[in-house]
There are 2 protein chains.
Amino acid sequence: MSTLLLKTLREEPADAEVPSHRLLLRAGFIRRAAPGGYTWLPLGKLVLDRVSAVLRDEMTAVGGQEVSFPALLPREPYDVSKRWTEYGDDIFTLQDRRGGDYLLAPTHEEMFTLLVQDMTSSYRDFPLLLFQIQTKYRDEARPRGGLLRGREFLMKDAYSFGLSESDLVDAYAALRAAYQRVFARLGLAHTIVSAMSGAMGGSASEEFLATSEVGEDTFVGCTRCSYAANTEAVVTVPPQALPMAAPALEVHDTPGTPTIASLVDLANARALGGRTDWTAADTLKNVVVTVHRPGADDEVLVIGVPGDREVDLKRLDAALAPATATLFDDFAARPDLVKGYIGPQAVKARYLADPRVAPGTAWLTGANEPGRHAINVVAGRDFAIDGTIEAAEVRAGDPCPACGSGELTIRRGIEIGHIFQLGRRYTDAFRVDVLGVDGKPVRPTMGSYGIGVSRAVAAIAEQHHDERGLLWPDEVAPADVHIVAAGKDGQIAFSLELAETLVGHGVRVLVDDRANLSAGVKFTDAELIGVARTVVVGRRLGEGFVEFRDRRTGERNDVAVTDIPRVIATSLG
Amino acid sequence: MSTLLLKTLREEPADAEVPSHRLLLRAGFIRRAAPGGYTWLPLGKLVLDRVSAVLRDEMTAVGGQEVSFPALLPREPYDVSKRWTEYGDDIFTLQDRRGGDYLLAPTHEEMFTLLVQDMTSSYRDFPLLLFQIQTKYRDEARPRGGLLRGREFLMKDAYSFGLSESDLVDAYAALRAAYQRVFARLGLAHTIVSAMSGAMGGSASEEFLATSEVGEDTFVGCTRCSYAANTEAVVTVPPQALPMAAPALEVHDTPGTPTIASLVDLANARALGGRTDWTAADTLKNVVVTVHRPGADDEVLVIGVPGDREVDLKRLDAALAPATATLFDDFAARPDLVKGYIGPQAVKARYLADPRVAPGTAWLTGANEPGRHAINVVAGRDFAIDGTIEAAEVRAGDPCPACGSGELTIRRGIEIGHIFQLGRRYTDAFRVDVLGVDGKPVRPTMGSYGIGVSRAVAAIAEQHHDERGLLWPDEVAPADVHIVAAGKDGQIAFSLELAETLVGHGVRVLVDDRANLSAGVKFTDAELIGVARTVVVGRRLGEGFVEFRDRRTGERNDVAVTDIPRVIATSLG
């Protein structure tokens, strides 16, 4: 370490919000080079390469073949797939010296598909599993958490190509199992949840979420069954359709009630409809949003949700993808939309409702006039809906959509892997057909399997640290053993000798041979860097002993110098 | 190979001009994905990774520490170094969603320098050698030769940081030796030549050129001494300054002589100055060019060279770097420049001359009037020069500038490595100072050491192929042995078994287990792919024999099946 490019930081970096980011900076694994772009320092590069090696190993074990595509790609294939437009501002685009349009690929579905079209011709070439470990680019609006969400990041993307649904199901199962092995080796505790497939298209879809308080994804579990899903993918259990039994719609003056809380208070105070048990859940909240559809005009959309729930903008975006939505705010331009008093009875926009707004349900909602609301507004009788939408927030305690009897719990996680049955979206777009067994053309069907490699490093750091620093799982640690020469001269020389011996035994060693530093500083750095095993070459060296510390168990033992290779071999297992 | 993503091509690809490009396409190592951008297929990725491994190995052996920078970088550091402007159209630039300026880094001097500024503070942190193996981008006007000159390519770049000239000289020597080991391992026959350092700045500079007819670089050697230089770096031996002894300048009518050949003919026919032995070498040709200086106005420049030589635009660009030049063609706008009859006597532009145009030399040159030339035009008497420039073509037979007695020979090569003593250009630009031994600040000095990794793959292919296909050196071959199951069923099953046995011995095996293909097709593919050793599992398998072929020696022997592991181990050495 006397020559290692390393500067540990004692103070918390100002711009780092999450533990992994703080510790990776402090321990000298990464440095910020650009907004959402990080430089890998020597220790960080070792960890990154270890993670990549595990991925390569497990992908190869399930028959994956490694390729590598350029990152800078011409526009044309992304026009064919319509993603040039769909991605909008989320991709980096540029023009070359001749004015040709290019992008920095956010993912490579188009290129994998074109490659398979080029390289295959018959059923004999299938099934096929291709992968790459490659740098990806996304112009994230809000890069955050260091490596957790960057604009330039390393990704392992894999695609399976098969000719039948069963090929796809088989590949999906094989990759799902491979991912479980990968994350086990990386030491990443995770939950597999049902997911939306987002802008990439496709159907069956699961995410691997590393459990972490700093994760951007919220996911639900069930108190009774094994159901687990990304919040965006949670399906609301609709009530059974009711008979249209409610009394006729009545409009009431409700001055000064633009909010649900004020409305409920007034409804109970005035005993509207003879009731004094009104709650927010009895009201129908109508939220106006502007839908931005890539390559098309904006659309004003009204969404109806029970008044005790907010619209969850992430769920809304997931439901609308590839379109996105923002809250509508130009009520001056739409006098028909009476802010605070909107009801679905006469709305002049597309109206989508939460599944709880089922036919026959009766609501207290706006009357489309300032200061007036209506009761007994019955879905399917007093208003029509143009469709349902999963946009209402999910709450702990909601009924489980899988078993129906359990309740949902909510946790946070970091998306470290995503697998899904992509199907023929891209083979259709590029009209990829190969000769089938029966001599007729067959269109291959694809599975998509991604792991964020740089993000995985951050996720490991999130799950493997304590107040003193990082604590890497063996499989990805930058070294197997960290030797600390506690004193000077003789101890440093011996440490270097010991390091050489251990390297000869195939052990990866980091040796702190820095002169002019106190043992205390070296111990602090060792704990920050996070190699689990430390050998302290200190005072008892004269008697032939060094200290072996295992930070995971907390054990500290004096060990005879001659015994160290054996002790370390045993510890490494 | 029955599952390998491989499609060999029998026909020559239409758009591939050089052997390496043709063969790498035909043998299924790469595919074009973008102008100057290639996809690495499974076999190609294996070779690329082998080359990278050799580089990593040798860089680590000389104390190099691996880091990895982003490719997408903000403009600011490149403004500080002035390279944002200097590179001009040669870099890809883009804006992010917030309008910030970014580039795809063509090289990372700025980032290495900033990293060292961030991570070091005192003389104890030096010397330091950092490297990365990373994707680079250049918006080449003319990408060519497949991997030889791309717009997205893999590069190993290394920088040494030292505090003294001797640190720099030591690092340079260590890296020079390391590069020789690298290229020996990669099987690349090469010449080390003196070079210009180009847009990267700096002084002492050498290139490693892989000898190849398709190389873009021409370089010279000497028939008597060890001098070798890139043509751009050849220094002209100037004649000794002469006394101003020529008779007075005389202007003659020379109608219809806008070219050197026509002028010489007329001069001899009319016995100008009483001579009939005029040759082109006696004339002074004045070439007008427009100099494009990044971030500045264009300049008209006149260059004087002996009339028997052309201006070499590559040498001119190298001499003017970072500026570039194009031939001037707007003579209508400059009536003072009389096309075909320009002389340096009254030129109203900066005038740079070839070193052969030494003080006292007398020339036949233009008289700056249509149809008139002058003789006895003496440099330093009848005209002044603003400086010398190395822009005239270098020719075989020119005197060697090193020993003076030998003659230059000219060959072509592929630039596979470039090392140079960069000095303090970047540490000056970023004001990097560290604490010196004496307590005073010291400014580190840098060396720069690059190897084009993807280009090296092409260079190896150029040097290692024959009419039948590629023929990889062991160190980079995609496999150690290629097993060909010549027939079906039993032979295929045995081939797979044998492959497994060999893999168990640590041998890397490619096995052609494709059914439905003739032995001939498989042999042709094996030769195209270029693994040196082939084991043919054929007719004599029943007797317990297979055939072992070594394509390098041409040997073919029947070997007992049980003997194969030993024979291969011996062959691998």
# chains A, B, ... in the order shown; residues from 1 in each chain; ligands from 1
$ interface_residues --of "chain B" --to "chain A" --cutoff "7 Å" --atoms "only C-alpha atoms" --output "PDB file with N, CA, C and O atoms, in the first residue's frame"
ATOM      1  N   THR B   3     -23.315 -25.356 -31.022  1.00  0.00           N
ATOM      2  CA  THR B   3     -24.102 -24.322 -30.355  1.00  0.00           C
ATOM      3  C   THR B   3     -23.436 -22.950 -30.435  1.00  0.00           C
ATOM      4  O   THR B   3     -24.005 -21.959 -30.001  1.00  0.00           O
ATOM      5  N   LEU B   5     -22.221 -19.392 -31.611  1.00  0.00           N
ATOM      6  CA  LEU B   5     -22.730 -18.351 -32.515  1.00  0.00           C
ATOM      7  C   LEU B   5     -21.644 -18.087 -33.548  1.00  0.00           C
ATOM      8  O   LEU B   5     -20.729 -17.294 -33.331  1.00  0.00           O
ATOM      9  N   LEU B   6     -21.742 -18.805 -34.650  1.00  0.00           N
ATOM     10  CA  LEU B   6     -20.688 -18.752 -35.652  1.00  0.00           C
ATOM     11  C   LEU B   6     -21.308 -18.934 -37.024  1.00  0.00           C
ATOM     12  O   LEU B   6     -22.128 -19.823 -37.220  1.00  0.00           O
ATOM     13  N   LYS B   7     -20.949 -18.047 -37.921  1.00  0.00           N
ATOM     14  CA  LYS B   7     -21.305 -18.288 -39.311  1.00  0.00           C
ATOM     15  C   LYS B   7     -20.094 -17.847 -40.119  1.00  0.00           C
ATOM     16  O   LYS B   7     -19.783 -16.663 -40.161  1.00  0.00           O
ATOM     17  N   ALA B  34     -21.668  -0.357 -36.742  1.00  0.00           N
ATOM     18  CA  ALA B  34     -21.804   1.089 -36.961  1.00  0.00           C
ATOM     19  C   ALA B  34     -20.598   1.489 -37.800  1.00  0.00           C
ATOM     20  O   ALA B  34     -19.637   0.730 -37.903  1.00  0.00           O
ATOM     21  N   GLY B  37     -17.483   0.991 -36.014  1.00  0.00           N
ATOM     22  CA  GLY B  37     -17.823   0.330 -34.746  1.00  0.00           C
ATOM     23  C   GLY B  37     -18.122  -1.138 -34.984  1.00  0.00           C
ATOM     24  O   GLY B  37     -18.931  -1.466 -35.863  1.00  0.00           O
ATOM     25  N   TYR B  38     -17.491  -2.018 -34.226  1.00  0.00           N
ATOM     26  CA  TYR B  38     -17.614  -3.453 -34.467  1.00  0.00           C
ATOM     27  C   TYR B  38     -18.111  -4.194 -33.241  1.00  0.00           C
ATOM     28  O   TYR B  38     -17.780  -3.843 -32.108  1.00  0.00           O
ATOM     29  N   THR B  39     -18.886  -5.232 -33.522  1.00  0.00           N
ATOM     30  CA  THR B  39     -19.335  -6.139 -32.480  1.00  0.00           C
ATOM     31  C   THR B  39     -18.351  -7.294 -32.394  1.00  0.00           C
ATOM     32  O   THR B  39     -17.944  -7.842 -33.417  1.00  0.00           O
ATOM     33  N   TRP B  40     -17.957  -7.630 -31.190  1.00  0.00           N
ATOM     34  CA  TRP B  40     -17.102  -8.800 -30.986  1.00  0.00           C
ATOM     35  C   TRP B  40     -17.980 -10.018 -30.812  1.00  0.00           C
ATOM     36  O   TRP B  40     -18.796 -10.073 -29.883  1.00  0.00           O
ATOM     37  N   LEU B  41     -17.818 -10.984 -31.696  1.00  0.00           N
ATOM     38  CA  LEU B  41     -18.550 -12.248 -31.576  1.00  0.00           C
ATOM     39  C   LEU B  41     -17.778 -13.147 -30.602  1.00  0.00           C
ATOM     40  O   LEU B  41     -16.662 -12.815 -30.206  1.00  0.00           O
ATOM     41  N   PRO B  42     -18.373 -14.279 -30.224  1.00  0.00           N
ATOM     42  CA  PRO B  42     -17.734 -15.083 -29.170  1.00  0.00           C
ATOM     43  C   PRO B  42     -16.253 -15.389 -29.432  1.00  0.00           C
ATOM     44  O   PRO B  42     -15.422 -15.214 -28.535  1.00  0.00           O
ATOM     45  N   LYS B  45     -14.230 -12.166 -29.091  1.00  0.00           N
ATOM     46  CA  LYS B  45     -14.155 -11.698 -27.705  1.00  0.00           C
ATOM     47  C   LYS B  45     -13.095 -12.488 -26.938  1.00  0.00           C
ATOM     48  O   LYS B  45     -12.369 -11.909 -26.108  1.00  0.00           O
ATOM     49  N   GLN B  65      -0.956   0.249 -11.905  1.00  0.00           N
ATOM     50  CA  GLN B  65      -2.191   0.031 -11.156  1.00  0.00           C
ATOM     51  C   GLN B  65      -3.360   0.348 -12.074  1.00  0.00           C
ATOM     52  O   GLN B  65      -3.395   1.393 -12.707  1.00  0.00           O
ATOM     53  N   GLU B  66      -4.321  -0.565 -12.077  1.00  0.00           N
ATOM     54  CA  GLU B  66      -5.419  -0.412 -13.032  1.00  0.00           C
ATOM     55  C   GLU B  66      -6.558   0.421 -12.460  1.00  0.00           C
ATOM     56  O   GLU B  66      -7.010   0.200 -11.345  1.00  0.00           O
ATOM     57  N   VAL B  67      -6.996   1.367 -13.241  1.00  0.00           N
ATOM     58  CA  VAL B  67      -8.162   2.176 -12.905  1.00  0.00           C
ATOM     59  C   VAL B  67      -9.090   2.144 -14.115  1.00  0.00           C
ATOM     60  O   VAL B  67      -8.777   1.524 -15.131  1.00  0.00           O
ATOM     61  N   SER B  68     -10.224   2.796 -14.023  1.00  0.00           N
ATOM     62  CA  SER B  68     -11.119   2.852 -15.170  1.00  0.00           C
ATOM     63  C   SER B  68     -11.936   4.125 -15.093  1.00  0.00           C
ATOM     64  O   SER B  68     -12.665   4.354 -14.131  1.00  0.00           O
ATOM     65  N   PHE B  69     -11.784   4.962 -16.112  1.00  0.00           N
ATOM     66  CA  PHE B  69     -12.510   6.233 -16.156  1.00  0.00           C
ATOM     67  C   PHE B  69     -13.768   6.082 -16.998  1.00  0.00           C
ATOM     68  O   PHE B  69     -13.823   5.237 -17.891  1.00  0.00           O
ATOM     69  N   PRO B  70     -14.740   6.950 -16.757  1.00  0.00           N
ATOM     70  CA  PRO B  70     -15.883   6.980 -17.673  1.00  0.00           C
ATOM     71  C   PRO B  70     -15.425   7.418 -19.069  1.00  0.00           C
ATOM     72  O   PRO B  70     -14.376   8.047 -19.219  1.00  0.00           O
ATOM     73  N   LEU B  73     -17.587  12.392 -20.590  1.00  0.00           N
ATOM     74  CA  LEU B  73     -16.984  13.320 -19.632  1.00  0.00           C
ATOM     75  C   LEU B  73     -17.430  14.745 -19.900  1.00  0.00           C
ATOM     76  O   LEU B  73     -17.686  15.126 -21.043  1.00  0.00           O
ATOM     77  N   PRO B  74     -17.486  15.541 -18.837  1.00  0.00           N
ATOM     78  CA  PRO B  74     -17.875  16.936 -19.028  1.00  0.00           C
ATOM     79  C   PRO B  74     -16.775  17.724 -19.734  1.00  0.00           C
ATOM     80  O   PRO B  74     -15.603  17.355 -19.712  1.00  0.00           O
ATOM     81  N   ASP B  89     -13.424  18.648 -34.884  1.00  0.00           N
ATOM     82  CA  ASP B  89     -14.367  17.636 -35.378  1.00  0.00           C
ATOM     83  C   ASP B  89     -13.953  16.210 -35.043  1.00  0.00           C
ATOM     84  O   ASP B  89     -14.713  15.279 -35.314  1.00  0.00           O
ATOM     85  N   PHE B  92     -16.336  13.213 -30.624  1.00  0.00           N
ATOM     86  CA  PHE B  92     -17.787  13.209 -30.526  1.00  0.00           C
ATOM     87  C   PHE B  92     -18.179  14.068 -29.330  1.00  0.00           C
ATOM     88  O   PHE B  92     -17.675  13.848 -28.230  1.00  0.00           O
ATOM     89  N   THR B  93     -19.060  15.017 -29.562  1.00  0.00           N
ATOM     90  CA  THR B  93     -19.552  15.817 -28.446  1.00  0.00           C
ATOM     91  C   THR B  93     -21.067  15.722 -28.395  1.00  0.00           C
ATOM     92  O   THR B  93     -21.708  15.396 -29.403  1.00  0.00           O
ATOM     93  N   LEU B  94     -21.615  15.991 -27.249  1.00  0.00           N
ATOM     94  CA  LEU B  94     -23.071  15.950 -27.111  1.00  0.00           C
ATOM     95  C   LEU B  94     -23.485  16.825 -25.946  1.00  0.00           C
ATOM     96  O   LEU B  94     -22.645  17.267 -25.151  1.00  0.00           O
ATOM     97  N   ASP B  96     -26.239  16.998 -22.643  1.00  0.00           N
ATOM     98  CA  ASP B  96     -27.184  16.196 -21.869  1.00  0.00           C
ATOM     99  C   ASP B  96     -28.523  16.932 -21.778  1.00  0.00           C
ATOM    100  O   ASP B  96     -28.707  17.984 -22.380  1.00  0.00           O
ATOM    101  N   ARG B  97     -29.469  16.361 -21.042  1.00  0.00           N
ATOM    102  CA  ARG B  97     -30.824  16.919 -21.016  1.00  0.00           C
ATOM    103  C   ARG B  97     -30.864  18.309 -20.411  1.00  0.00           C
ATOM    104  O   ARG B  97     -31.847  19.034 -20.579  1.00  0.00           O
ATOM    105  N   MET B 119      -5.569  12.511  -5.544  1.00  0.00           N
ATOM    106  CA  MET B 119      -5.186  11.372  -4.705  1.00  0.00           C
ATOM    107  C   MET B 119      -3.792  11.476  -4.090  1.00  0.00           C
ATOM    108  O   MET B 119      -3.419  10.604  -3.305  1.00  0.00           O
ATOM    109  N   ASP B 125       4.184   9.726  -2.567  1.00  0.00           N
ATOM    110  CA  ASP B 125       3.199   9.065  -3.440  1.00  0.00           C
ATOM    111  C   ASP B 125       3.748   8.790  -4.840  1.00  0.00           C
ATOM    112  O   ASP B 125       3.023   8.271  -5.700  1.00  0.00           O
ATOM    113  N   ASP B 139     -14.100  10.671 -33.715  1.00  0.00           N
ATOM    114  CA  ASP B 139     -14.930  10.816 -34.907  1.00  0.00           C
ATOM    115  C   ASP B 139     -14.013  10.894 -36.126  1.00  0.00           C
ATOM    116  O   ASP B 139     -13.851  11.944 -36.741  1.00  0.00           O
ATOM    117  N   GLU B 152     -14.921   3.690 -32.478  1.00  0.00           N
ATOM    118  CA  GLU B 152     -15.033   3.195 -31.099  1.00  0.00           C
ATOM    119  C   GLU B 152     -14.074   2.031 -30.992  1.00  0.00           C
ATOM    120  O   GLU B 152     -14.174   1.079 -31.773  1.00  0.00           O
TER     121      GLU B 152
END
$ residues_around --residues "segment 254-271 of chain A" --least-positions-apart "4" --cutoff "8 Å" --atoms "only C-alpha atoms" --output "list in words"
Arg275, Thr276, Asp277, Trp278, Thr279, Ala280, Thr283, Lys285, Gly307, Lys339, Gly340, Tyr341, Pro370, Gly371, Arg372 and His373 of chain A
$ write_last_selection --atoms "C-alpha atoms" --output "PDB file, in the first residue's frame"
ATOM      1  CA  ARG A 275     -74.956   9.701   7.155  1.00  0.00           C
ATOM      2  CA  THR A 276     -72.427  10.913   9.666  1.00  0.00           C
ATOM      3  CA  ASP A 277     -69.924   8.123   9.092  1.00  0.00           C
ATOM      4  CA  TRP A 278     -68.323   9.494   5.919  1.00  0.00           C
ATOM      5  CA  THR A 279     -64.648   8.709   5.525  1.00  0.00           C
ATOM      6  CA  ALA A 280     -62.140   9.559   2.858  1.00  0.00           C
ATOM      7  CA  THR A 283     -65.056   9.804  -1.664  1.00  0.00           C
ATOM      8  CA  LYS A 285     -60.811  11.800  -5.897  1.00  0.00           C
ATOM      9  CA  GLY A 307     -60.171   9.600  -1.666  1.00  0.00           C
ATOM     10  CA  LYS A 339     -60.307  22.284  -9.522  1.00  0.00           C
ATOM     11  CA  GLY A 340     -61.299  20.711  -6.212  1.00  0.00           C
ATOM     12  CA  TYR A 341     -64.800  19.907  -7.449  1.00  0.00           C
ATOM     13  CA  PRO A 370     -67.340  25.396  -7.735  1.00  0.00           C
ATOM     14  CA  GLY A 371     -68.437  24.608  -4.159  1.00  0.00           C
ATOM     15  CA  ARG A 372     -70.656  21.675  -5.018  1.00  0.00           C
ATOM     16  CA  HIS A 373     -70.362  17.906  -4.618  1.00  0.00           C
TER      17      HIS A 373
END
$ residues_around --residues "Val169 of chain B" --least-positions-apart "2" --cutoff "12 Å" --atoms "only C-alpha atoms" --output "VMD selection string"
chain B and resid 127 160 to 167 171 to 176 203 to 205 419 to 423 445 to 448
$ write_last_selection --atoms "C-alpha atoms" --output "PDB file, in the first residue's frame"
ATOM      1  CA  PRO B 127       6.610   7.589  -8.813  1.00  0.00           C
ATOM      2  CA  SER B 160       3.604   7.591 -15.423  1.00  0.00           C
ATOM      3  CA  PHE B 161       3.896  10.365 -12.888  1.00  0.00           C
ATOM      4  CA  GLY B 162       7.291  11.253 -11.463  1.00  0.00           C
ATOM      5  CA  LEU B 163       8.879  14.219  -9.819  1.00  0.00           C
ATOM      6  CA  SER B 164      12.087  14.476 -11.808  1.00  0.00           C
ATOM      7  CA  GLU B 165      13.397  14.024 -15.293  1.00  0.00           C
ATOM      8  CA  SER B 166      15.126  10.852 -14.157  1.00  0.00           C
ATOM      9  CA  ASP B 167      11.805   9.475 -12.848  1.00  0.00           C
ATOM     10  CA  ALA B 171       9.493   5.035 -16.331  1.00  0.00           C
ATOM     11  CA  TYR B 172       9.861   5.500 -20.079  1.00  0.00           C
ATOM     12  CA  ALA B 173      12.589   2.871 -20.206  1.00  0.00           C
ATOM     13  CA  ALA B 174      10.545   0.445 -18.085  1.00  0.00           C
ATOM     14  CA  LEU B 175       7.470   0.868 -20.255  1.00  0.00           C
ATOM     15  CA  ARG B 176       9.495   0.604 -23.446  1.00  0.00           C
ATOM     16  CA  SER B 203       8.739  15.694 -26.528  1.00  0.00           C
ATOM     17  CA  ALA B 204      10.602  12.341 -26.733  1.00  0.00           C
ATOM     18  CA  SER B 205       8.316   9.999 -28.541  1.00  0.00           C
ATOM     19  CA  ILE B 419       5.201   5.935 -25.840  1.00  0.00           C
ATOM     20  CA  PHE B 420       6.345   9.410 -25.109  1.00  0.00           C
ATOM     21  CA  GLN B 421       7.714  11.701 -22.530  1.00  0.00           C
ATOM     22  CA  LEU B 422       4.770  13.984 -22.133  1.00  0.00           C
ATOM     23  CA  GLY B 423       6.343  16.192 -19.512  1.00  0.00           C
ATOM     24  CA  THR B 445       6.103  15.129 -14.954  1.00  0.00           C
ATOM     25  CA  MET B 446       4.232  12.590 -17.035  1.00  0.00           C
ATOM     26  CA  GLY B 447       4.928   9.842 -19.509  1.00  0.00           C
ATOM     27  CA  SER B 448       2.210   8.549 -21.804  1.00  0.00           C
TER      28      SER B 448
END
$ atom_distance --atom1 "atom CA of Trp472 of chain A" --atom2 "atom CA of Glu415 of chain A"
19.5 Å
$ residues_around --residues "Gln117 of chain B" --least-positions-apart "6" --cutoff "9 Å" --atoms "only C-alpha atoms" --output "JSON, numbers by chain"
{"B": [427, 430, 431, 432, 433, 434]}
$ write_last_selection --atoms "N, CA and C atoms" --output "mmCIF file, in the first residue's frame"
data_model
loop_
_atom_site.group_PDB
_atom_site.id
_atom_site.type_symbol
_atom_site.label_atom_id
_atom_site.label_comp_id
_atom_site.auth_asym_id
_atom_site.auth_seq_id
_atom_site.Cartn_x
_atom_site.Cartn_y
_atom_site.Cartn_z
ATOM 1 N N THR B 427 0.145 18.678 -16.142
ATOM 2 C CA THR B 427 0.279 19.110 -14.741
ATOM 3 C C THR B 427 0.406 20.628 -14.666
ATOM 4 N N PHE B 430 -3.270 21.994 -15.126
ATOM 5 C CA PHE B 430 -4.125 21.857 -13.932
ATOM 6 C C PHE B 430 -3.401 22.287 -12.658
ATOM 7 N N ARG B 431 -2.195 22.839 -12.812
ATOM 8 C CA ARG B 431 -1.416 23.325 -11.656
ATOM 9 C C ARG B 431 -1.329 22.280 -10.566
ATOM 10 N N VAL B 432 -0.838 21.105 -10.950
ATOM 11 C CA VAL B 432 -0.684 20.024 -9.979
ATOM 12 C C VAL B 432 0.664 20.184 -9.287
ATOM 13 N N ASP B 433 0.650 20.388 -7.990
ATOM 14 C CA ASP B 433 1.890 20.478 -7.225
ATOM 15 C C ASP B 433 1.776 19.588 -6.002
ATOM 16 N N VAL B 434 2.872 18.930 -5.674
ATOM 17 C CA VAL B 434 2.878 18.128 -4.453
ATOM 18 C C VAL B 434 4.088 18.550 -3.614
#
$ residues_around --residues "Asp382 of chain B" --least-positions-apart "4" --cutoff "10 Å" --atoms "only C-alpha atoms" --output "ChimeraX atom specification"
/B:244,248-249,344-346,360,362,376-378
$ write_last_selection --atoms "N, CA and C atoms" --output "PDB file, in the first residue's frame"
ATOM      1  N   MET B 244      26.895  33.584 -50.621  1.00  0.00           N
ATOM      2  CA  MET B 244      25.906  34.108 -51.569  1.00  0.00           C
ATOM      3  C   MET B 244      26.620  34.388 -52.900  1.00  0.00           C
ATOM      4  N   ALA B 248      23.561  37.638 -60.168  1.00  0.00           N
ATOM      5  CA  ALA B 248      22.362  38.371 -59.778  1.00  0.00           C
ATOM      6  C   ALA B 248      21.112  37.730 -60.361  1.00  0.00           C
ATOM      7  N   LEU B 249      20.009  37.923 -59.665  1.00  0.00           N
ATOM      8  CA  LEU B 249      18.707  37.386 -60.076  1.00  0.00           C
ATOM      9  C   LEU B 249      18.333  37.927 -61.460  1.00  0.00           C
ATOM     10  N   PRO B 344       9.217  33.259 -53.970  1.00  0.00           N
ATOM     11  CA  PRO B 344       9.249  33.716 -52.586  1.00  0.00           C
ATOM     12  C   PRO B 344       9.752  35.152 -52.449  1.00  0.00           C
ATOM     13  N   GLN B 345      10.111  35.752 -53.572  1.00  0.00           N
ATOM     14  CA  GLN B 345      10.751  37.080 -53.503  1.00  0.00           C
ATOM     15  C   GLN B 345       9.816  38.144 -52.935  1.00  0.00           C
ATOM     16  N   ALA B 346       8.524  38.030 -53.229  1.00  0.00           N
ATOM     17  CA  ALA B 346       7.649  39.120 -52.806  1.00  0.00           C
ATOM     18  C   ALA B 346       6.346  38.576 -52.242  1.00  0.00           C
ATOM     19  N   GLY B 360      21.934  30.859 -49.080  1.00  0.00           N
ATOM     20  CA  GLY B 360      22.967  30.785 -50.117  1.00  0.00           C
ATOM     21  C   GLY B 360      22.612  29.883 -51.279  1.00  0.00           C
ATOM     22  N   ALA B 362      20.696  28.674 -54.534  1.00  0.00           N
ATOM     23  CA  ALA B 362      20.119  29.461 -55.620  1.00  0.00           C
ATOM     24  C   ALA B 362      19.087  28.628 -56.355  1.00  0.00           C
ATOM     25  N   ASN B 376      18.701  32.226 -60.422  1.00  0.00           N
ATOM     26  CA  ASN B 376      19.642  32.807 -59.442  1.00  0.00           C
ATOM     27  C   ASN B 376      18.900  33.497 -58.293  1.00  0.00           C
ATOM     28  N   VAL B 377      17.790  32.870 -57.897  1.00  0.00           N
ATOM     29  CA  VAL B 377      17.034  33.421 -56.766  1.00  0.00           C
ATOM     30  C   VAL B 377      17.634  32.800 -55.502  1.00  0.00           C
ATOM     31  N   VAL B 378      18.355  33.602 -54.737  1.00  0.00           N
ATOM     32  CA  VAL B 378      19.176  33.067 -53.651  1.00  0.00           C
ATOM     33  C   VAL B 378      18.489  33.273 -52.301  1.00  0.00           C
TER      34      VAL B 378
END
$ residues_around --residues "Pro355 of chain B" --least-positions-apart "3" --cutoff "7 Å" --atoms "only C-alpha atoms" --output "list in words"
Thr236, Pro238, Ala358, Thr388 and Ile389 of chain B
$ select_by_dssp --residues "segment 112-336 of chain B" --states "strand (DSSP E)" --output "PyMOL selection string"
chain B and resi 128-137+152-162+190-194+205-211+217-222+228-230+250-253+284-292+299-306+324-327
$ select_by_dssp --residues "segment 122-216 of chain B" --states "helix (DSSP H, G or I)" --output "NGL selection string"
:B and (123-125 or 165-185 or 198-200)
$ residues_around --residues "His465 of chain B" --least-positions-apart "2" --cutoff "9 Å" --atoms "only C-alpha atoms" --output "list in words"
Pro19, Ser20, Leu23, Ile460, Ala461, Glu462, Gln463, Glu467, Arg468, Gly469, Leu470, Leu471, Trp472, Leu528 and Gly530 of chain B
$ atom_distance --atom1 "atom CA of Tyr159 of chain A" --atom2 "atom CA of Phe112 of chain A"
7.4 Å
$ closest_residue --among "B:Gly99, B:Pro444, B:Gly490, B:Pro243" --to "Arg425 of chain B" --atoms "only C-alpha atoms"
B:Pro444
